[in-house]
>>> print(open('query.txt').read())   # compact mmCIF, C-alpha atoms
# COMPACT_ATOMS: atom_id res chain seq x y z
CA MET A 165 0.98 18.69 29.05
CA THR A 166 -2.20 16.72 28.31
CA THR A 167 -3.94 19.83 26.96
CA SER A 168 -0.95 20.65 24.76
CA ILE A 169 -0.89 17.15 23.29
CA ILE A 170 -4.63 17.21 22.53
CA ILE A 171 -4.36 20.64 20.87
CA THR A 172 -1.35 19.51 18.83
CA LEU A 173 -3.07 16.34 17.60
CA CYS A 174 -6.20 18.26 16.63
CA ILE A 175 -4.20 20.86 14.71
CA LEU A 176 -2.23 18.12 12.89
CA ILE A 177 -5.41 16.34 11.77
CA LEU A 178 -6.97 19.61 10.59
CA LEU A 179 -3.81 20.51 8.66
CA ALA A 180 -3.79 17.04 7.07
CA TYR A 181 -7.43 17.59 6.07
CA LEU A 182 -6.52 20.91 4.45
CA PHE A 183 -3.65 19.21 2.60
CA ASP A 184 -6.07 16.57 1.34
CA LEU A 185 -8.58 19.18 0.18
CA SER A 186 -5.93 21.28 -1.55
CA SER A 187 -4.23 18.38 -3.37
CA ALA A 188 -6.90 18.37 -6.10
CA LYS A 189 -6.05 21.98 -7.00
CA THR A 190 -2.33 22.18 -6.23
CA ARG A 191 -1.54 18.68 -7.58
CA ILE A 192 0.85 18.30 -4.64
CA PRO A 193 0.24 14.86 -3.07
CA SER A 194 -0.74 15.27 0.56
CA VAL A 195 1.95 12.79 1.60
CA ILE A 196 4.66 15.27 0.55
CA LEU A 197 3.13 17.94 2.76
CA LEU A 198 2.70 15.49 5.66
CA LEU A 199 6.34 14.43 5.47
CA LEU A 200 7.40 18.08 5.34
CA LEU A 201 5.12 18.88 8.29
CA GLY A 202 6.68 16.11 10.35
CA TRP A 203 10.18 17.30 9.50
CA VAL A 204 9.32 20.91 10.43
CA ILE A 205 7.90 19.73 13.76
CA LYS A 206 11.18 17.92 14.46
CA GLN A 207 13.18 21.10 13.75
CA LEU A 208 10.88 23.14 16.01
CA THR A 209 11.28 20.69 18.90
CA ILE A 210 15.05 20.92 18.51
CA PHE A 211 15.00 24.74 18.31
CA PHE A 212 12.78 25.16 21.37
CA ASN A 213 14.47 22.30 23.30
CA VAL A 214 11.21 20.36 23.62
CA VAL A 215 11.82 16.88 25.02
CA VAL A 216 9.90 14.25 23.03
CA PRO A 217 10.06 10.54 23.93
CA ASP A 218 11.30 8.00 21.38
CA LEU A 219 8.39 7.43 18.98
CA SER A 220 10.14 5.12 16.50
CA SER A 221 8.43 2.00 17.89
CA LEU A 222 5.05 3.45 16.84
CA LEU A 223 6.01 3.55 13.17
CA PRO A 224 5.55 -0.18 12.34
CA ILE A 225 2.31 -0.31 14.37
CA LEU A 226 0.78 2.67 12.56
CA GLY A 227 2.17 1.35 9.29
CA THR A 228 0.60 -2.08 9.63
CA ILE A 229 -2.82 -0.76 10.64
CA GLY A 230 -2.62 1.90 7.96
CA LEU A 231 -1.75 -0.65 5.28
CA ILE A 232 -4.76 -2.79 6.24
CA LEU A 233 -7.17 0.15 6.20
CA ILE A 234 -5.82 1.64 2.96
CA VAL A 235 -6.05 -1.65 1.05
CA LEU A 236 -9.54 -2.16 2.53
CA GLU A 237 -10.57 1.37 1.55
CA GLY A 238 -9.33 0.89 -2.00
CA SER A 239 -10.82 -2.58 -2.47
CA LEU A 240 -14.27 -1.44 -1.27
CA GLU A 241 -14.34 0.96 -4.23
CA LEU A 242 -13.50 -1.65 -6.87
CA GLU A 243 -16.22 -2.96 -9.15
CA LEU A 244 -16.27 -6.66 -9.96
CA ASP A 245 -17.57 -7.53 -13.41
CA LYS A 246 -16.33 -9.16 -16.60
CA SER A 247 -15.47 -5.84 -18.19
CA LYS A 248 -12.86 -5.27 -15.45
CA LEU A 249 -10.99 -8.53 -16.03
CA PRO A 250 -8.65 -7.14 -18.73
CA MET A 251 -7.73 -4.27 -16.42
CA VAL A 252 -7.15 -6.60 -13.47
CA LYS A 253 -4.95 -8.80 -15.65
CA LYS A 254 -2.92 -5.81 -16.80
CA ALA A 255 -2.66 -4.51 -13.21
CA PHE A 256 -1.32 -7.87 -12.05
CA PHE A 257 1.38 -8.03 -14.71
CA VAL A 258 2.32 -4.37 -14.25
CA SER A 259 2.68 -4.99 -10.51
CA PHE A 260 4.33 -8.42 -10.68
CA PHE A 261 7.01 -8.21 -13.37
CA PRO A 262 8.51 -4.86 -12.29
CA ILE A 263 8.91 -6.19 -8.74
CA LEU A 264 10.68 -9.24 -10.10
CA ALA A 265 12.79 -7.27 -12.61
CA VAL A 266 13.73 -4.42 -10.26
CA GLY A 267 14.52 -6.89 -7.47
CA LEU A 268 16.71 -9.15 -9.61
CA ILE A 269 18.55 -6.31 -11.39
CA LEU A 270 19.28 -4.34 -8.21
CA ALA A 271 20.28 -7.49 -6.33
CA GLY A 272 22.64 -8.40 -9.18
CA LEU A 273 24.23 -4.94 -9.16
CA LEU A 274 24.51 -4.92 -5.39
CA SER A 275 26.07 -8.37 -5.16
CA TYR A 276 28.48 -7.59 -8.03
CA TYR A 277 29.76 -4.27 -6.69
CA SER A 278 29.58 -4.93 -2.96
CA GLY A 279 30.41 -8.63 -2.70
CA TYR A 280 27.27 -9.64 -0.77
CA ASN A 281 25.64 -12.90 -1.78
CA PHE A 282 22.74 -12.62 -4.22
CA LYS A 283 20.01 -13.89 -1.88
CA GLN A 284 21.00 -11.48 0.89
CA SER A 285 21.08 -8.62 -1.60
CA LEU A 286 17.65 -9.59 -2.94
CA VAL A 287 16.10 -9.52 0.54
CA ASN A 288 17.37 -5.97 1.01
CA VAL A 289 16.25 -4.56 -2.35
CA ILE A 290 12.74 -6.09 -2.56
CA PRO A 291 11.32 -3.33 -0.30
CA LEU A 292 12.51 -0.80 -2.89
CA ALA A 293 10.68 -2.63 -5.69
CA VAL A 294 7.17 -2.38 -4.20
CA ILE A 295 4.71 0.44 -4.97
CA SER A 296 3.12 1.98 -1.89
CA SER A 297 -0.67 1.80 -2.08
CA ALA A 298 -0.76 4.15 0.94
CA ILE A 299 0.54 6.94 -1.32
CA ALA A 300 -0.66 5.79 -4.75
CA ILE A 301 -4.36 5.26 -3.94
CA PRO A 302 -5.00 8.69 -2.33
CA THR A 303 -3.03 10.37 -5.14
CA ALA A 304 -5.02 8.59 -7.85
CA LYS A 305 -8.38 9.88 -6.61
CA ASN A 306 -7.99 12.91 -8.90
CA LEU A 307 -7.43 10.79 -12.03
CA LYS A 308 -9.92 9.57 -14.60
CA THR A 309 -12.01 6.56 -13.62
CA TYR A 310 -10.02 3.94 -15.51
CA ASP A 311 -6.64 5.26 -14.33
CA ARG A 312 -7.90 5.55 -10.74
CA GLU A 313 -9.19 1.98 -10.68
CA PHE A 314 -6.04 0.70 -12.37
CA VAL A 315 -3.79 2.37 -9.80
CA THR A 316 -5.91 0.94 -6.97
CA TYR A 317 -5.67 -2.59 -8.35
CA GLU A 318 -2.01 -2.26 -9.28
CA SER A 319 -0.76 -0.75 -6.02
CA SER A 320 -2.82 -3.15 -3.88
CA LEU A 321 -1.53 -6.13 -5.86
CA SER A 322 2.00 -4.70 -5.69
CA ASP A 323 1.79 -4.64 -1.89
CA ILE A 324 0.50 -8.23 -1.84
CA VAL A 325 3.00 -9.57 -4.39
CA GLY A 326 5.83 -7.66 -2.72
CA VAL A 327 5.07 -9.07 0.73
CA ILE A 328 4.73 -12.61 -0.66
CA PHE A 329 7.98 -12.32 -2.64
CA PHE A 330 9.82 -10.84 0.34
CA ASN A 331 8.65 -13.55 2.74
CA PHE A 332 9.41 -16.28 0.21
CA ILE A 333 13.02 -15.12 -0.21
CA ALA A 334 13.67 -14.05 3.39
CA LEU A 335 12.16 -17.07 5.15
CA ASN A 336 13.62 -19.84 2.98
CA ALA A 337 17.29 -20.58 3.52
CA VAL A 338 17.26 -22.59 0.27
CA ILE A 339 14.96 -21.95 -2.69
CA ASP A 340 14.03 -25.45 -3.81
CA GLY A 341 10.98 -27.61 -4.53
CA HIS A 342 10.05 -27.77 -0.85
CA ALA A 343 10.03 -23.96 -0.65
CA PHE A 344 7.64 -23.74 -3.61
CA PHE A 345 5.43 -26.43 -2.07
CA GLU A 346 5.23 -24.45 1.18
CA PHE A 347 4.39 -21.32 -0.80
CA GLY A 348 1.58 -23.09 -2.66
CA TRP A 349 0.17 -24.45 0.59
CA GLN A 350 0.24 -20.99 2.22
CA LEU A 351 -1.59 -19.52 -0.77
CA VAL A 352 -4.29 -22.18 -0.63
CA LEU A 353 -4.61 -21.77 3.14
CA ILE A 354 -5.09 -17.98 2.98
CA LEU A 355 -7.76 -18.45 0.30
CA ILE A 356 -9.61 -20.85 2.61
CA VAL A 357 -9.21 -18.45 5.55
CA SER A 358 -10.37 -15.58 3.36
CA PHE A 359 -13.50 -17.45 2.30
CA PHE A 360 -14.67 -18.38 5.79
CA ALA A 361 -13.58 -15.10 7.38
CA THR A 362 -15.30 -13.05 4.68
CA VAL A 363 -18.55 -14.98 5.01
CA GLY A 364 -18.40 -14.84 8.82
CA LEU A 365 -17.59 -11.14 9.06
CA SER A 366 -20.20 -10.27 6.41
CA TYR A 367 -22.79 -12.23 8.39
CA LEU A 368 -21.88 -10.36 11.57
CA LEU A 369 -21.94 -7.03 9.79
CA GLY A 370 -25.50 -7.66 8.66
CA ARG A 371 -26.73 -9.23 11.90
CA ILE A 372 -25.22 -7.21 14.76
CA ASN A 373 -27.91 -4.94 16.18
CA HIS A 374 -25.76 -3.26 18.80
CA HIS A 375 -25.08 0.43 18.20
CA ILE A 376 -21.36 -0.38 18.07
CA LYS A 377 -20.72 -2.79 15.20
CA PHE A 378 -18.14 -1.43 12.75
CA ILE A 379 -15.16 -1.06 15.09
CA PRO A 380 -15.40 -4.74 16.24
CA ILE A 381 -15.45 -5.80 12.56
CA MET A 382 -12.33 -3.72 11.84
CA VAL A 383 -10.61 -5.09 14.94
CA MET A 384 -11.37 -8.65 13.83
CA LEU A 385 -9.96 -7.82 10.39
CA ILE A 386 -6.73 -6.60 11.97
CA LEU A 387 -6.67 -9.65 14.28
CA ILE A 388 -7.10 -12.14 11.41
CA TYR A 389 -4.47 -10.27 9.36
CA THR A 390 -1.97 -10.30 12.25
CA ILE A 391 -2.48 -13.98 13.12
CA SER A 392 -2.15 -14.91 9.44
CA LYS A 393 1.04 -12.86 9.27
CA ILE A 394 2.51 -14.80 12.21
CA TYR A 395 2.20 -17.95 10.09
CA HIS A 396 3.70 -16.10 7.09
CA LEU A 397 0.48 -16.24 5.08
CA PRO A 398 -0.15 -13.55 2.41
CA SER A 399 -2.73 -11.91 4.67
CA LEU A 400 -3.11 -8.75 2.57
CA LEU A 401 -4.84 -10.97 0.03
CA PHE A 402 -7.56 -11.59 2.62
CA ILE A 403 -8.07 -7.83 3.11
CA LEU A 404 -8.32 -7.29 -0.65
CA LEU A 405 -10.81 -10.13 -1.18
CA PHE A 406 -12.93 -9.06 1.79
CA GLY A 407 -13.18 -5.50 0.49
CA ILE A 408 -13.99 -6.59 -3.07
CA PHE A 409 -16.70 -8.93 -1.78
CA LEU A 410 -18.42 -6.27 0.32
CA GLY A 411 -18.09 -3.69 -2.41
CA ASN A 412 -19.78 -5.90 -5.00
CA LEU A 413 -22.80 -7.32 -3.20
CA ASP A 414 -25.15 -6.07 -5.93
CA ALA A 415 -23.29 -8.11 -8.54
CA LEU A 416 -23.10 -11.19 -6.31
CA LYS A 417 -26.61 -11.31 -4.87
CA LYS A 418 -27.89 -13.33 -7.84
CA TYR A 419 -26.11 -16.34 -6.36
CA LYS A 420 -28.24 -18.44 -4.02
CA TYR A 421 -25.73 -18.69 -1.18
CA ILE A 422 -25.03 -14.95 -1.22
CA ALA A 423 -28.77 -14.31 -0.91
CA LEU A 424 -28.64 -15.99 2.53
CA LEU A 425 -26.66 -12.98 3.76
CA LYS A 426 -29.58 -10.69 2.86
CA PRO A 427 -27.43 -8.50 0.60
CA ASP A 428 -30.00 -5.70 0.30
CA ASN A 429 -29.87 -5.05 4.05
CA LEU A 430 -26.15 -5.75 4.23
CA ASP A 431 -25.48 -3.23 1.45
CA LYS A 432 -26.76 -0.40 3.66
CA GLU A 433 -24.36 -1.41 6.41
CA VAL A 434 -21.48 -1.71 3.93
CA HIS A 435 -22.03 1.90 2.88
CA LYS A 436 -21.59 3.06 6.50
CA PHE A 437 -18.66 0.67 6.97
CA ARG A 438 -16.93 2.14 3.89
CA GLU A 439 -17.28 5.67 5.25
CA ILE A 440 -15.78 4.71 8.61
CA ALA A 441 -12.96 2.73 6.97
CA THR A 442 -12.12 5.71 4.75
CA GLU A 443 -11.98 8.15 7.65
CA ALA A 444 -10.01 5.73 9.85
CA ALA A 445 -7.51 5.20 7.03
CA PHE A 446 -7.15 8.98 6.69
CA VAL A 447 -6.33 9.42 10.39
CA ILE A 448 -3.84 6.53 10.56
CA ARG A 449 -2.17 7.53 7.28
CA THR A 450 -1.88 11.10 8.55
CA PHE A 451 -0.08 10.18 11.74
CA PHE A 452 2.13 7.60 10.01
CA PHE A 453 3.57 10.04 7.48
CA ILE A 454 3.84 12.89 9.97
CA LEU A 455 5.71 10.55 12.32
CA PHE A 456 7.90 9.30 9.48
CA GLY A 457 8.69 12.90 8.53
CA TYR A 458 9.45 13.65 12.18
CA LEU A 459 11.85 10.71 12.40
CA LEU A 460 13.64 11.75 9.20
CA GLU A 461 17.22 12.74 9.80
CA THR A 462 18.38 15.60 7.59
CA ALA A 463 21.79 13.94 7.34
CA ASP A 464 20.16 10.81 5.88
CA LEU A 465 18.22 12.85 3.35
CA ILE A 466 21.30 14.67 1.99
CA ASN A 467 23.75 11.78 2.35
CA LEU A 468 25.85 12.03 -0.83
CA GLN A 469 27.32 8.55 -0.34
CA THR A 470 23.96 6.89 -1.01
CA LEU A 471 22.51 9.49 -3.38
CA LEU A 472 24.12 7.89 -6.46
CA TRP A 473 22.67 4.48 -5.57
CA ALA A 474 19.30 6.08 -4.87
CA GLY A 475 19.40 7.66 -8.33
CA ILE A 476 20.24 4.27 -9.91
CA VAL A 477 17.39 2.61 -8.03
CA VAL A 478 14.88 5.26 -9.07
CA ALA A 479 16.08 5.18 -12.69
CA ALA A 480 15.67 1.39 -12.77
CA ILE A 481 12.18 1.66 -11.24
CA PHE A 482 10.85 4.07 -13.86
CA LEU A 483 12.66 2.55 -16.84
CA ILE A 484 11.27 -0.91 -16.11
CA ARG A 485 7.85 0.57 -15.39
CA ALA A 486 7.83 2.40 -18.72
CA ILE A 487 8.74 -0.81 -20.57
CA GLN A 488 6.01 -2.80 -18.80
CA LEU A 489 3.36 -0.15 -19.44
CA LYS A 490 4.22 -0.08 -23.15
CA ILE A 491 4.15 -3.88 -23.37
CA SER A 492 0.76 -3.86 -21.66
CA GLY A 493 -0.65 -1.31 -24.10
CA LEU A 494 -1.20 1.30 -21.38
CA PRO A 495 -0.55 5.04 -21.69
CA LEU A 496 2.66 6.27 -20.09
CA PHE A 497 1.02 9.45 -18.85
CA PRO A 498 0.10 9.73 -16.03
CA LEU A 499 0.58 6.08 -14.95
CA LEU A 500 4.36 6.13 -15.39
CA PHE A 501 4.79 8.67 -12.61
CA ILE A 502 2.59 6.91 -10.05
CA ALA A 503 5.15 4.48 -8.65
CA PRO A 504 5.85 5.85 -5.15
CA ARG A 505 7.69 3.98 -2.47
CA GLY A 506 6.54 4.53 1.09
CA LEU A 507 4.67 2.72 3.82
CA ILE A 508 5.14 -0.84 2.55
CA THR A 509 8.81 -0.14 1.77
CA ILE A 510 9.39 0.98 5.35
CA LEU A 511 7.52 -2.00 6.83
CA LEU A 512 9.45 -4.54 4.75
CA PHE A 513 12.76 -2.79 5.46
CA LEU A 514 12.07 -2.95 9.20
CA SER A 515 11.24 -6.67 8.81
CA ILE A 516 14.72 -7.58 7.56
CA LEU A 517 16.50 -9.69 10.15
CA PRO A 518 19.68 -8.14 11.60
CA GLU A 519 21.83 -10.94 10.17
CA ASP A 520 20.45 -10.29 6.68
CA ARG A 521 20.97 -6.52 6.66
CA ILE A 522 23.68 -5.05 4.46
CA SER A 523 25.33 -1.69 5.02
CA MET A 524 24.66 -0.27 1.54
CA VAL A 525 20.88 -0.50 1.98
CA ASP A 526 20.46 1.76 4.99
CA ASN A 527 18.10 4.44 6.24
CA SER A 528 19.59 7.04 3.91
CA LEU A 529 19.00 4.98 0.76
CA ILE A 530 15.45 4.07 1.77
CA ILE A 531 14.54 7.67 2.63
CA GLN A 532 16.09 9.09 -0.55
CA VAL A 533 14.26 6.61 -2.79
CA ILE A 534 10.95 7.33 -1.04
CA VAL A 535 11.40 11.09 -1.38
CA LEU A 536 12.61 10.97 -5.00
CA THR A 537 9.73 8.75 -6.17
CA ALA A 538 7.25 10.97 -4.33
CA LEU A 539 8.70 14.10 -5.98
CA ILE A 540 8.58 12.48 -9.42
CA MET A 541 4.96 11.52 -8.79
CA MET A 542 4.22 15.10 -7.76
CA GLY A 543 5.81 16.39 -10.97
CA GLY A 544 3.74 13.98 -13.03
CA MET A 545 0.52 14.94 -11.28
CA MET A 546 1.20 18.61 -12.03
CA GLY A 547 0.60 17.81 -15.68
CA VAL A 548 -2.74 16.07 -15.16
CA LYS A 549 -5.58 18.14 -16.57
CA LYS A 550 -8.13 19.34 -14.07
CA GLU A 551 -11.35 17.74 -15.25
CA LYS A 552 -14.16 15.68 -13.89
CA PRO A 553 -13.39 11.94 -13.75
CA VAL A 554 -14.74 10.12 -16.78
CA ASP A 555 -14.48 6.58 -18.01
CA HIS A 556 -11.74 6.01 -20.48
CA LYS A 557 -9.88 2.98 -21.66
CA PRO A 558 -6.45 2.89 -23.20
CA ALA A 559 -5.87 1.66 -26.69
CA HIS A 560 -5.64 -2.06 -27.24
CA GLU A 561 -7.68 -2.83 -24.15
CA ASP A 562 -7.80 -6.52 -25.02
CA SER A 563 -4.13 -6.86 -25.85
CA HIS A 564 -2.11 -9.34 -23.86
CA THR A 565 0.86 -8.50 -21.73
>>> encode(input="query.txt", output="structure tokens")
Amino acid sequence: MTTSIIITLCILILLAYLFDLSSAKTRIPSVILLLLLGWVIKQLTIFFNVVVPDLSSLLPILGTIGLILIVLEGSLELELDKSKLPMVKKAFFVSFFPILAVGLILAGLLSYYSGYNFKQSLVNVIPLAVISSAIAIPTAKNLKTYDREFVTYESSLSDIVGVIFFNFIALNAVIDGHAFFEFGWQLVLILIVSFFATVGLSYLLGRINHHIKFIPIMVMLILIYTISKIYHLPSLLFILLFGIFLGNLDALKKYKYIALLKPDNLDKEVHKFREIATEAAFVIRTFFFILFGYLLETADLINLQTLLWAGIVVAAIFLIRAIQLKISGLPLFPLLFIAPRGLITILLFLSILPEDRISMVDNSLIIQVIVLTALIMMGGMMGVKKEKPVDHKPAHEDSHT
């Protein structure tokens, strides 16, 4: 049994690697193939009567670790300079307003047609309004430089804004002045935590001489994230800031206090750290989506009772996204199509308290929206020209949203 498990895991990782290599040529996002692989494995276990223990409890664990590593991986690649500020501003608005608009519109429709109160409906639909950086960032690696960086910023900010918005609505029985005060305090607190944790971890990264140094740093990142999450702090913001800091040491070393960290030596370690983070994110992402595909129920996927609502949700997602992209002066192609739902949607959905769940937003609806948005993204990527990444900026770069 042990040998069979080891062989199976090795084959799955190698297949995922082949999917990742082939995605640049086939334009089929590797996540689609991973989900399909997981589903096929489930059918084979049923056909051959293979007894597999319940693995559903692993999904949120892999999802949380995967989310941390994927946001870290993406943020380490981002360049921090004044020329990027317009793009960051656009990415924030393109991530923030669609979450707000999709959430409010879907919650209004749900409460009107189903009779649930608006707040309860909003808690259930927010997971559907958030772009999954776990799918968007790997998919965007084949895009031009500007589009790739924009998608990384946008999807990472979408995860952060989505988690903050979800916690704000779900954890406050009444939305009043006190709730906004608590939110402001949590934001300030995570910025303070991020500052000291980033400085401390960067110092350790540059000073540890032991041959094992990167795994302890990653474990401490996950630990700080998890503890911050217990106190309902927007801990993904810490991961994003930490990655941006390490990825931009060359731009920051002119500051006196940064020079104390010996950025020239630290930069060499950051390069190795980035490589390990990228490969760790690949492994965790692989097993998460294979497991999710394995746990997919065919009946949920083809459930006609929720398919209409799934279509309405997806239509609202892309209509609002198109409007926001046009307002922001950004090209619709290919950015319009890169709005997948996935890992973060599942994590937020699983975080809904039992007393807040509503029957209309169930596994079938979540799965159908995830699959439909992934297929639309795949269709959009099919039309992307195969060319070497080059810098390009959309028209009206300095226009305001």
>>> axis_aligned_box(input="query.txt", around="stretch 314-318 of chain A", padding_each_side="6 Å", output="JSON")
{"center_x": -4.0, "center_y": -0.1, "center_z": -9.7, "size_x": 16.0, "size_y": 17.0, "size_z": 17.4}
>>> residues_around(input="query.txt", residues="A:Pro224", least_positions_apart="2", cutoff="9 Å", atoms="all atoms listed in the file", output="ChimeraX atom specification")
/A:220-222,226-229,452,510-511,514
>>> residues_around(input="query.txt", residues="stretch 472-483 of chain A", least_positions_apart="2", cutoff="8 Å", atoms="all atoms listed in the file", output="list in words")
Pro262, Val266, Leu270, Leu292, Ala293, Leu468, Gln469, Thr470, Arg485, Ala486, Ile487, Leu500, Phe501, Ala503, Leu529, Ile530, Gln532, Val533, Leu536 and Thr537 of chain A
>>> closest_residue(input="query.txt", among="A:Ile333, A:Met545, A:Leu369, A:Ile301", to="A:Arg438", atoms="only C-alpha atoms")
A:Leu369
>>> residues_around(input="query.txt", residues="A:Leu321", least_positions_apart="4", cutoff="8 Å", atoms="only C-alpha atoms", output="PyMOL selection string")
chain A and resi 255-256+259-260+317+325
>>> closest_residue(input="query.txt", among="A:Leu240, A:Phe314, A:Thr167, A:Glu439", to="A:Lys253", atoms="only C-alpha atoms")
A:Phe314
